[in-house]
file model_25.cif (mmCIF, C-alpha atoms)
data_structure
#
loop_
_atom_site.label_atom_id
_atom_site.label_comp_id
_atom_site.auth_asym_id
_atom_site.auth_seq_id
_atom_site.Cartn_x
_atom_site.Cartn_y
_atom_site.Cartn_z
CA MET A 1398 4.67 4.71 -12.83
CA SER A 1399 6.72 7.22 -14.80
CA SER A 1400 6.93 10.83 -13.63
CA SER A 1401 5.43 11.96 -16.94
CA THR A 1402 2.18 10.17 -16.15
CA ALA A 1403 1.37 12.40 -13.19
CA ASP A 1404 2.81 15.43 -15.00
CA ARG A 1405 0.15 15.11 -17.70
CA LEU A 1406 -2.57 15.65 -15.11
CA ALA A 1407 -3.39 19.34 -14.88
CA PRO A 1408 -1.76 20.72 -11.70
CA ASP A 1409 -5.04 22.19 -10.43
CA LEU A 1410 -6.80 18.84 -10.89
CA LEU A 1411 -3.98 16.98 -9.14
CA GLU A 1412 -4.19 19.42 -6.23
CA GLU A 1413 -7.97 18.95 -6.08
CA LEU A 1414 -7.67 15.17 -6.04
CA ASP A 1415 -4.91 15.35 -3.44
CA GLY A 1416 -7.21 17.34 -1.16
CA PHE A 1417 -10.03 14.87 -1.74
CA LEU A 1418 -7.71 12.00 -0.86
CA ILE A 1419 -7.13 13.64 2.52
CA GLU A 1420 -10.90 13.87 2.99
CA LEU A 1421 -11.28 10.17 2.20
CA ASN A 1422 -8.70 9.27 4.83
CA ARG A 1423 -10.48 11.37 7.44
CA ALA A 1424 -13.77 9.68 6.65
CA ALA A 1425 -12.19 6.23 6.91
CA ALA A 1426 -10.56 7.13 10.22
CA GLY A 1427 -13.91 8.27 11.58
CA VAL A 1428 -15.24 4.74 11.08
CA ILE A 1429 -12.14 2.76 12.01
CA LEU A 1430 -10.80 4.41 15.15
CA PRO A 1431 -13.85 3.84 17.39
CA LEU A 1432 -13.56 0.11 16.57
CA PHE A 1433 -9.83 -0.26 17.15
CA ARG A 1434 -9.12 -2.12 20.41
CA ALA A 1435 -12.89 -2.33 20.83
CA ASP A 1436 -15.79 -4.52 19.68
CA HIS A 1437 -14.98 -4.64 15.97
CA GLY A 1438 -17.38 -7.38 14.83
CA LEU A 1439 -14.80 -9.90 13.67
CA VAL A 1440 -15.94 -12.44 11.05
CA ASP A 1441 -13.79 -15.19 9.51
CA LYS A 1442 -14.50 -15.18 5.77
CA GLY A 1443 -11.81 -17.75 4.98
CA GLY A 1444 -13.71 -20.98 5.57
CA GLU A 1445 -11.75 -23.98 4.28
CA ARG A 1446 -9.12 -21.63 2.83
CA GLY A 1447 -7.90 -20.75 6.33
CA PHE A 1448 -8.35 -17.80 8.67
CA ASP A 1449 -9.24 -14.64 6.72
CA PRO A 1450 -10.58 -11.96 9.08
CA VAL A 1451 -12.84 -9.05 8.22
CA THR A 1452 -14.31 -6.55 10.67
CA ASP A 1453 -16.93 -3.83 10.80
CA ALA A 1454 -14.04 -1.40 10.38
CA ASP A 1455 -13.07 -2.89 7.00
CA LYS A 1456 -16.62 -2.84 5.69
CA GLY A 1457 -17.76 0.43 7.23
CA ALA A 1458 -14.70 2.39 6.12
CA GLU A 1459 -14.99 1.18 2.53
CA ARG A 1460 -18.68 2.13 2.48
CA ALA A 1461 -17.81 5.61 3.74
CA ILE A 1462 -15.08 6.06 1.13
CA ARG A 1463 -17.31 4.84 -1.69
CA ALA A 1464 -20.14 7.15 -0.64
CA LEU A 1465 -17.87 10.20 -0.81
CA ILE A 1466 -16.47 9.20 -4.20
CA SER A 1467 -19.95 8.62 -5.60
CA ALA A 1468 -21.13 12.01 -4.37
CA ARG A 1469 -18.09 14.01 -5.54
CA TYR A 1470 -17.00 12.14 -8.67
CA PRO A 1471 -19.88 9.98 -9.92
CA ALA A 1472 -18.06 9.11 -13.14
CA HIS A 1473 -15.10 7.62 -11.32
CA GLY A 1474 -14.72 3.86 -10.91
CA VAL A 1475 -13.86 1.96 -7.74
CA ILE A 1476 -12.02 -1.29 -6.98
CA GLY A 1477 -12.27 -2.29 -3.33
CA GLU A 1478 -11.34 -5.32 -1.27
CA GLU A 1479 -14.70 -5.59 0.48
CA TYR A 1480 -17.24 -4.60 -2.19
CA GLY A 1481 -15.61 -5.43 -5.49
CA GLU A 1482 -15.46 -3.50 -8.73
CA ASP A 1483 -17.59 -0.66 -10.07
CA ARG A 1484 -16.56 0.61 -13.54
CA PRO A 1485 -12.93 -0.59 -13.26
CA ASP A 1486 -12.26 0.64 -16.81
CA ALA A 1487 -13.20 4.27 -16.10
CA GLU A 1488 -10.67 7.03 -16.79
CA PHE A 1489 -10.24 7.54 -13.03
CA VAL A 1490 -10.48 4.53 -10.70
CA TRP A 1491 -10.03 4.54 -6.92
CA VAL A 1492 -8.43 1.39 -5.50
CA LEU A 1493 -9.25 0.76 -1.83
CA ASP A 1494 -8.08 -1.37 1.06
CA PRO A 1495 -9.80 0.25 4.05
CA VAL A 1496 -7.83 -1.77 6.63
CA ASP A 1497 -4.69 -3.32 5.24
CA GLY A 1498 -3.43 -5.52 8.06
CA THR A 1499 -6.68 -6.70 9.58
CA ARG A 1500 -4.74 -9.30 11.59
CA ALA A 1501 -2.74 -6.50 13.21
CA PHE A 1502 -5.97 -4.58 13.74
CA ILE A 1503 -7.69 -7.39 15.63
CA ALA A 1504 -4.51 -7.95 17.67
CA GLY A 1505 -4.56 -4.30 18.77
CA LEU A 1506 -1.30 -3.48 16.97
CA PRO A 1507 -1.12 -0.04 15.29
CA LEU A 1508 0.53 -1.37 12.13
CA TRP A 1509 -2.63 -1.57 9.99
CA CYS A 1510 -3.12 1.08 7.33
CA THR A 1511 -5.81 2.54 5.12
CA LEU A 1512 -4.68 2.29 1.50
CA ILE A 1513 -6.30 4.54 -1.09
CA GLY A 1514 -4.91 4.79 -4.60
CA LEU A 1515 -6.10 6.55 -7.74
CA ARG A 1516 -5.53 5.21 -11.24
CA TRP A 1517 -5.69 7.52 -14.22
CA GLN A 1518 -5.88 5.87 -17.62
CA GLY A 1519 -4.99 2.57 -16.00
CA ARG A 1520 -1.91 3.62 -14.02
CA PRO A 1521 -1.56 4.64 -10.35
CA VAL A 1522 -0.93 8.39 -10.16
CA LEU A 1523 -1.88 9.34 -6.59
CA GLY A 1524 -1.93 7.37 -3.38
CA SER A 1525 -1.91 7.40 0.39
CA ILE A 1526 -0.91 5.13 3.27
CA GLY A 1527 -2.78 6.24 6.36
CA GLN A 1528 -2.20 5.12 9.96
CA SER A 1529 -4.85 7.15 11.73
CA PHE A 1530 -4.26 5.78 15.25
CA LEU A 1531 -0.75 7.23 15.06
CA GLY A 1532 -2.04 10.31 13.25
CA GLU A 1533 0.12 9.69 10.18
CA LEU A 1534 -0.76 10.10 6.51
CA TYR A 1535 1.84 9.29 3.86
CA ILE A 1536 0.61 10.76 0.61
CA GLY A 1537 2.18 11.30 -2.77
CA HIS A 1538 2.49 11.20 -6.53
CA ALA A 1539 5.43 11.11 -8.90
CA GLY A 1540 6.07 14.82 -8.30
CA GLY A 1541 6.68 14.33 -4.58
CA SER A 1542 5.53 12.64 -1.40
CA ARG A 1543 4.99 13.93 2.11
CA LEU A 1544 4.10 12.87 5.62
CA MET A 1545 1.26 14.73 7.30
CA ALA A 1546 1.35 14.18 11.06
CA ARG A 1547 0.53 16.16 14.19
CA GLY A 1548 -0.35 19.30 12.30
CA GLU A 1549 2.84 19.38 10.25
CA SER A 1550 3.90 18.26 6.79
CA ARG A 1551 7.36 17.21 5.65
CA ALA A 1552 8.77 15.81 2.45
CA LEU A 1553 9.52 12.10 2.25
CA ARG A 1554 12.75 10.77 0.83
CA VAL A 1555 14.15 7.26 0.63
CA ARG A 1556 17.65 6.74 1.96
CA PRO A 1557 20.75 5.50 0.14
CA CYS A 1558 21.44 1.79 0.67
CA PRO A 1559 23.78 0.63 -2.10
CA GLN A 1560 24.48 -2.76 -0.49
CA LEU A 1561 21.93 -5.40 0.50
CA SER A 1562 24.24 -6.25 3.39
CA GLY A 1563 23.32 -2.92 4.97
CA ALA A 1564 19.58 -3.16 4.36
CA ILE A 1565 16.67 -3.31 6.79
CA ILE A 1566 14.10 -5.47 5.04
CA SER A 1567 10.56 -6.65 5.70
CA THR A 1568 7.79 -8.98 4.67
CA THR A 1569 4.36 -9.48 6.19
CA ASP A 1570 5.03 -13.14 7.06
CA PRO A 1571 7.61 -15.57 5.61
CA ALA A 1572 4.85 -18.21 5.60
CA ILE A 1573 3.29 -16.48 2.57
CA PHE A 1574 6.20 -17.69 0.43
CA GLN A 1575 5.92 -21.14 -1.07
CA GLY A 1576 8.44 -23.41 -2.77
CA PRO A 1577 11.14 -21.43 -4.61
CA GLU A 1578 9.77 -18.21 -3.08
CA SER A 1579 10.75 -19.46 0.38
CA ASP A 1580 14.29 -20.15 -0.79
CA ALA A 1581 14.45 -16.70 -2.40
CA TRP A 1582 13.27 -14.97 0.77
CA ARG A 1583 15.83 -16.85 2.88
CA ALA A 1584 18.59 -15.86 0.49
CA VAL A 1585 17.65 -12.19 0.67
CA ARG A 1586 17.16 -12.38 4.44
CA THR A 1587 20.58 -13.99 4.90
CA GLY A 1588 22.22 -11.24 2.88
CA ALA A 1589 20.50 -8.35 4.66
CA ARG A 1590 21.38 -6.65 7.93
CA LEU A 1591 18.01 -6.89 9.68
CA ALA A 1592 14.48 -8.13 8.97
CA ARG A 1593 11.23 -6.98 10.58
CA LEU A 1594 8.02 -8.96 10.11
CA GLY A 1595 4.28 -8.33 10.35
CA CYS A 1596 4.30 -4.67 9.36
CA ASP A 1597 2.00 -5.02 6.32
CA ALA A 1598 1.76 -1.76 4.33
CA TYR A 1599 3.29 0.26 7.17
CA ALA A 1600 6.63 -1.13 5.98
CA TYR A 1601 5.99 0.48 2.59
CA ALA A 1602 5.60 3.83 4.33
CA MET A 1603 8.86 3.27 6.17
CA VAL A 1604 10.71 2.79 2.89
CA ALA A 1605 9.29 6.11 1.69
CA ALA A 1606 10.29 7.70 5.00
CA GLY A 1607 13.86 6.43 4.72
CA THR A 1608 13.90 4.14 7.76
CA MET A 1609 13.67 0.81 5.90
CA ASP A 1610 15.19 -0.26 2.61
CA LEU A 1611 13.39 -3.22 1.03
CA VAL A 1612 10.02 -4.97 1.31
CA LEU A 1613 9.19 -8.25 -0.43
CA GLU A 1614 5.66 -9.61 -0.78
CA THR A 1615 3.78 -12.14 -2.91
CA ARG A 1616 0.21 -12.84 -4.00
CA LEU A 1617 -0.79 -9.22 -3.51
CA GLN A 1618 -4.04 -7.87 -4.92
CA ALA A 1619 -4.35 -4.49 -6.61
CA TRP A 1620 -5.77 -2.93 -3.44
CA ASP A 1621 -2.70 -4.11 -1.50
CA ILE A 1622 -0.20 -2.18 -3.62
CA ASP A 1623 -1.74 0.46 -5.93
CA ALA A 1624 -1.83 3.14 -3.23
CA ALA A 1625 1.82 2.65 -2.33
CA ILE A 1626 3.25 2.94 -5.85
CA PRO A 1627 2.87 6.74 -6.15
CA VAL A 1628 4.00 7.31 -2.54
CA ILE A 1629 7.18 5.31 -3.11
CA ALA A 1630 7.81 6.95 -6.50
CA GLY A 1631 7.34 10.45 -5.08
CA ALA A 1632 9.90 9.68 -2.37
CA GLY A 1633 12.45 8.53 -4.95
CA GLY A 1634 11.97 4.78 -4.53
CA LEU A 1635 10.99 1.90 -6.77
CA THR A 1636 8.15 -0.62 -6.89
CA THR A 1637 8.63 -3.60 -9.20
CA ASP A 1638 7.73 -7.24 -9.58
CA TRP A 1639 10.38 -9.88 -8.83
CA ARG A 1640 11.71 -9.57 -12.38
CA GLY A 1641 12.32 -5.86 -11.94
CA GLU A 1642 9.40 -4.95 -14.19
CA PRO A 1643 6.49 -2.62 -13.35
CA VAL A 1644 3.85 -4.13 -11.09
CA GLY A 1645 0.85 -5.30 -13.09
CA ASP A 1646 -2.79 -4.39 -12.61
CA HIS A 1647 -3.38 -7.30 -10.24
CA GLY A 1648 -0.45 -7.16 -7.84
CA GLY A 1649 1.35 -10.50 -7.50
CA GLN A 1650 5.01 -10.64 -6.45
CA VAL A 1651 6.21 -7.20 -5.40
CA ALA A 1652 9.48 -5.61 -4.33
CA ILE A 1653 9.60 -2.11 -2.84
CA ALA A 1654 13.01 -0.50 -2.47
CA GLY A 1655 14.58 2.83 -1.71
CA ASP A 1656 17.83 2.27 -3.58
CA ARG A 1657 18.08 0.75 -7.05
CA ALA A 1658 21.43 -0.91 -6.32
CA CYS A 1659 19.99 -2.72 -3.29
CA LEU A 1660 16.97 -3.77 -5.31
CA GLU A 1661 19.09 -5.16 -8.12
CA GLN A 1662 21.08 -7.30 -5.67
CA ALA A 1663 17.84 -8.67 -4.21
CA LEU A 1664 16.45 -9.40 -7.68
CA VAL A 1665 19.37 -11.73 -8.36
CA ALA A 1666 18.25 -13.88 -5.44
CA LEU A 1667 14.59 -13.62 -6.48
CA ALA A 1668 15.09 -14.49 -10.14
CA ASP A 1669 14.48 -18.24 -9.95
CA ALA A 1670 11.23 -17.69 -8.02
CA ALA A 1671 9.91 -14.87 -10.19
CA SER A 1672 6.64 -15.66 -11.97
#
call {"tool": "encode", "arguments": {"input": "model_25.cif", "output": "structure tokens"}}
result
Amino acid sequence: MSSSTADRLAPDLLEELDGFLIELNRAAAGVILPLFRADHGLVDKGGERGFDPVTDADKGAERAIRALISARYPAHGVIGEEYGEDRPDAEFVWVLDPVDGTRAFIAGLPLWCTLIGLRWQGRPVLGSIGQSFLGELYIGHAGGSRLMARGESRALRVRPCPQLSGAIISTTDPAIFQGPESDAWRAVRTGARLARLGCDAYAYAMVAAGTMDLVLETRLQAWDIDAAIPVIAGAGGLTTDWRGEPVGDHGGQVAIAGDRACLEQALVALADAAS
């Protein structure tokens, strides 16, 4: 997302949508938090494809978000993990993952996030990564990102990391990589200082906050990544595919980095596995 994309949105409209995004996160939290570390109605929707959990928190939070969008902005479209697409070609489209990290959620780990992104004319321009159990909301657009937590707000900024050898990196699970992707991950992991696993989208927030440097993922869907793109951009970071190009409309292979030099070193190792 280029900075000019968000700049073309009228400032008063951007401020209005930013405030609405906060409302959406509050509504989602109201559904999710009573179910965290409680009876959450787990269902395995994977079948023969393997374990793929969904809970009442996932479904209920997305319903709550959609209801607010429909009431406030009936012309806006929605793309959501649980309930599919509604007018995905509208001028404004909300992209939702109510509980990113359902496996962490059912394990009682506070690493799941609520991801809410907004596309304007097909590109992500506003987004949030919310961890409501910790009381944290990472929210941003190309003009700037911030962390809202415990009644305070502070600007987010990625940290310098010009060498991969000094990087703290992450992926959700190395098992997601197959074939050449596995080799690529091992090469990057070998060259980095430290790797942390299982953080899901919370790792994206940590790049924006300047505590981690690089996240690699594959086979992402739009709802897994759209929300993070503006947050990372507003904090001065980059979100690309494994070729270093902008992430497409449907996710895929994704690299999130705070420092361009670190990213470029990682992309060398990823090149043969890039698709």
call {"tool": "residues_around", "arguments": {"input": "model_25.cif", "residues": "Gly1634 in chain A", "least_positions_apart": "4", "cutoff": "8 Å", "atoms": "only C-alpha atoms", "output": "PyMOL selection string"}}
result
chain A and resi 1555+1604-1605+1629-1630+1653-1657
call {"tool": "resolve_selection", "arguments": {"input": "model_25.cif", "expression": "the PyMOL selection byres ((chain A and resi 1515) around 7)", "output": "list in words"}}
result
Phe1489, Val1490, Trp1491, Val1492, Ile1513, Gly1514, Arg1516, Trp1517, Pro1521, Val1522, Leu1523 and Gly1524 of chain A
call {"tool": "residues_near_point", "arguments": {"input": "model_25.cif", "point": "(17.6, -14.0, -0.1)", "cutoff": "10 Å", "atoms": "all atoms listed in the file", "output": "ChimeraX atom specification"}}
result
/A:1561,1578-1589,1662-1667
call {"tool": "residues_around", "arguments": {"input": "model_25.cif", "residues": "Arg1640 in chain A", "least_positions_apart": "4", "cutoff": "12 Å", "atoms": "all atoms listed in the file", "output": "PyMOL selection string"}}
result
chain A and resi 1636+1644-1645+1649-1652+1660-1672
call {"tool": "write_last_selection", "arguments": {"input": "model_25.cif", "atoms": "C-alpha atoms", "output": "compact mmCIF listing (two decimals), keeping the file's coordinate frame"}}
result
# COMPACT_ATOMS: atom_id res chain seq x y z
CA THR A 1636 8.15 -0.62 -6.89
CA VAL A 1644 3.85 -4.13 -11.09
CA GLY A 1645 0.85 -5.30 -13.09
CA GLY A 1649 1.35 -10.50 -7.50
CA GLN A 1650 5.01 -10.64 -6.45
CA VAL A 1651 6.21 -7.20 -5.40
CA ALA A 1652 9.48 -5.61 -4.33
CA LEU A 1660 16.97 -3.77 -5.31
CA GLU A 1661 19.09 -5.16 -8.12
CA GLN A 1662 21.08 -7.30 -5.67
CA ALA A 1663 17.84 -8.67 -4.21
CA LEU A 1664 16.45 -9.40 -7.68
CA VAL A 1665 19.37 -11.73 -8.36
CA ALA A 1666 18.25 -13.88 -5.44
CA LEU A 1667 14.59 -13.62 -6.48
CA ALA A 1668 15.09 -14.49 -10.14
CA ASP A 1669 14.48 -18.24 -9.95
CA ALA A 1670 11.23 -17.69 -8.02
CA ALA A 1671 9.91 -14.87 -10.19
CA SER A 1672 6.64 -15.66 -11.97
call {"tool": "closest_residue", "arguments": {"input": "model_25.cif", "among": "A:Gln1518, A:Thr1637, A:Thr1608, A:Gln1618", "to": "Gly1477 in chain A", "atoms": "only C-alpha atoms"}}
result
A:Gln1618
call {"tool": "atom_distance", "arguments": {"input": "model_25.cif", "atom1": "CA of Gly1595 in chain A", "atom2": "CA of Asp1610 in chain A"}}
result
15.6 Å
call {"tool": "residues_near_point", "arguments": {"input": "model_25.cif", "point": "(-15.9, 9.0, -7.5)", "cutoff": "10 Å", "atoms": "all atoms listed in the file", "output": "list in words"}}
result
Ile1462, Arg1463, Ala1464, Leu1465, Ile1466, Ser1467, Ala1468, Arg1469, Tyr1470, Pro1471, Ala1472, His1473, Gly1474, Val1475, Phe1489, Val1490 and Trp1491 of chain A
call {"tool": "write_last_selection", "arguments": {"input": "model_25.cif", "atoms": "C-alpha atoms", "output": "CSV table (one decimal), keeping the file's coordinate frame"}}
result
chain,number,residue,atom,x,y,z
A,1462,ILE,CA,-15.1,6.1,1.1
A,1463,ARG,CA,-17.3,4.8,-1.7
A,1464,ALA,CA,-20.1,7.2,-0.6
A,1465,LEU,CA,-17.9,10.2,-0.8
A,1466,ILE,CA,-16.5,9.2,-4.2
A,1467,SER,CA,-20.0,8.6,-5.6
A,1468,ALA,CA,-21.1,12.0,-4.4
A,1469,ARG,CA,-18.1,14.0,-5.5
A,1470,TYR,CA,-17.0,12.1,-8.7
A,1471,PRO,CA,-19.9,10.0,-9.9
A,1472,ALA,CA,-18.1,9.1,-13.1
A,1473,HIS,CA,-15.1,7.6,-11.3
A,1474,GLY,CA,-14.7,3.9,-10.9
A,1475,VAL,CA,-13.9,2.0,-7.7
A,1489,PHE,CA,-10.2,7.5,-13.0
A,1490,VAL,CA,-10.5,4.5,-10.7
A,1491,TRP,CA,-10.0,4.5,-6.9
call {"tool": "residues_around", "arguments": {"input": "model_25.cif", "residues": "Ile1476 in chain A", "least_positions_apart": "6", "cutoff": "9 Å", "atoms": "only C-alpha atoms", "output": "VMD selection string"}}
result
chain A and resid 1482 to 1485 1490 to 1494 1619 to 1620
call {"tool": "resolve_selection", "arguments": {"input": "model_25.cif", "expression": "the PyMOL selection byres ((chain A and resi 1420-1437) around 7)", "output": "VMD selection string"}}
result
chain A and resid 1416 to 1419 1438 to 1439 1452 to 1454 1457 to 1458 1461 to 1462 1502 1505 1527 1529 to 1530
call {"tool": "closest_residue", "arguments": {"input": "model_25.cif", "among": "A:Leu1611, A:Arg1405, A:Ala1632, A:Leu1531", "to": "Leu1591 in chain A", "atoms": "only C-alpha atoms"}}
result
A:Leu1611
call {"tool": "resolve_selection", "arguments": {"input": "model_25.cif", "expression": "the PyMOL selection byres ((chain A and resi 1624) around 7)", "output": "ChimeraX atom specification"}}
result
/A:1512-1514,1524-1526,1622-1623,1625-1627
call {"tool": "closest_residue", "arguments": {"input": "model_25.cif", "among": "A:Ala1546, A:Ala1487, A:Val1612, A:Ala1539", "to": "Trp1639 in chain A", "atoms": "only C-alpha atoms"}}
result
A:Val1612
call {"tool": "axis_aligned_box", "arguments": {"input": "model_25.cif", "around": "range 1463-1481 of chain A", "padding_each_side": "8 Å", "output": "AutoDock Vina command-line options"}}
result
--center_x -16.2 --center_y 4.2 --center_z -6.3 --size_x 25.8 --size_y 35.6 --size_z 29.6
call {"tool": "residues_around", "arguments": {"input": "model_25.cif", "residues": "Thr1569 in chain A", "least_positions_apart": "5", "cutoff": "10 Å", "atoms": "all atoms listed in the file", "output": "VMD selection string"}}
result
chain A and resid 1498 1593 to 1600 1612 to 1615
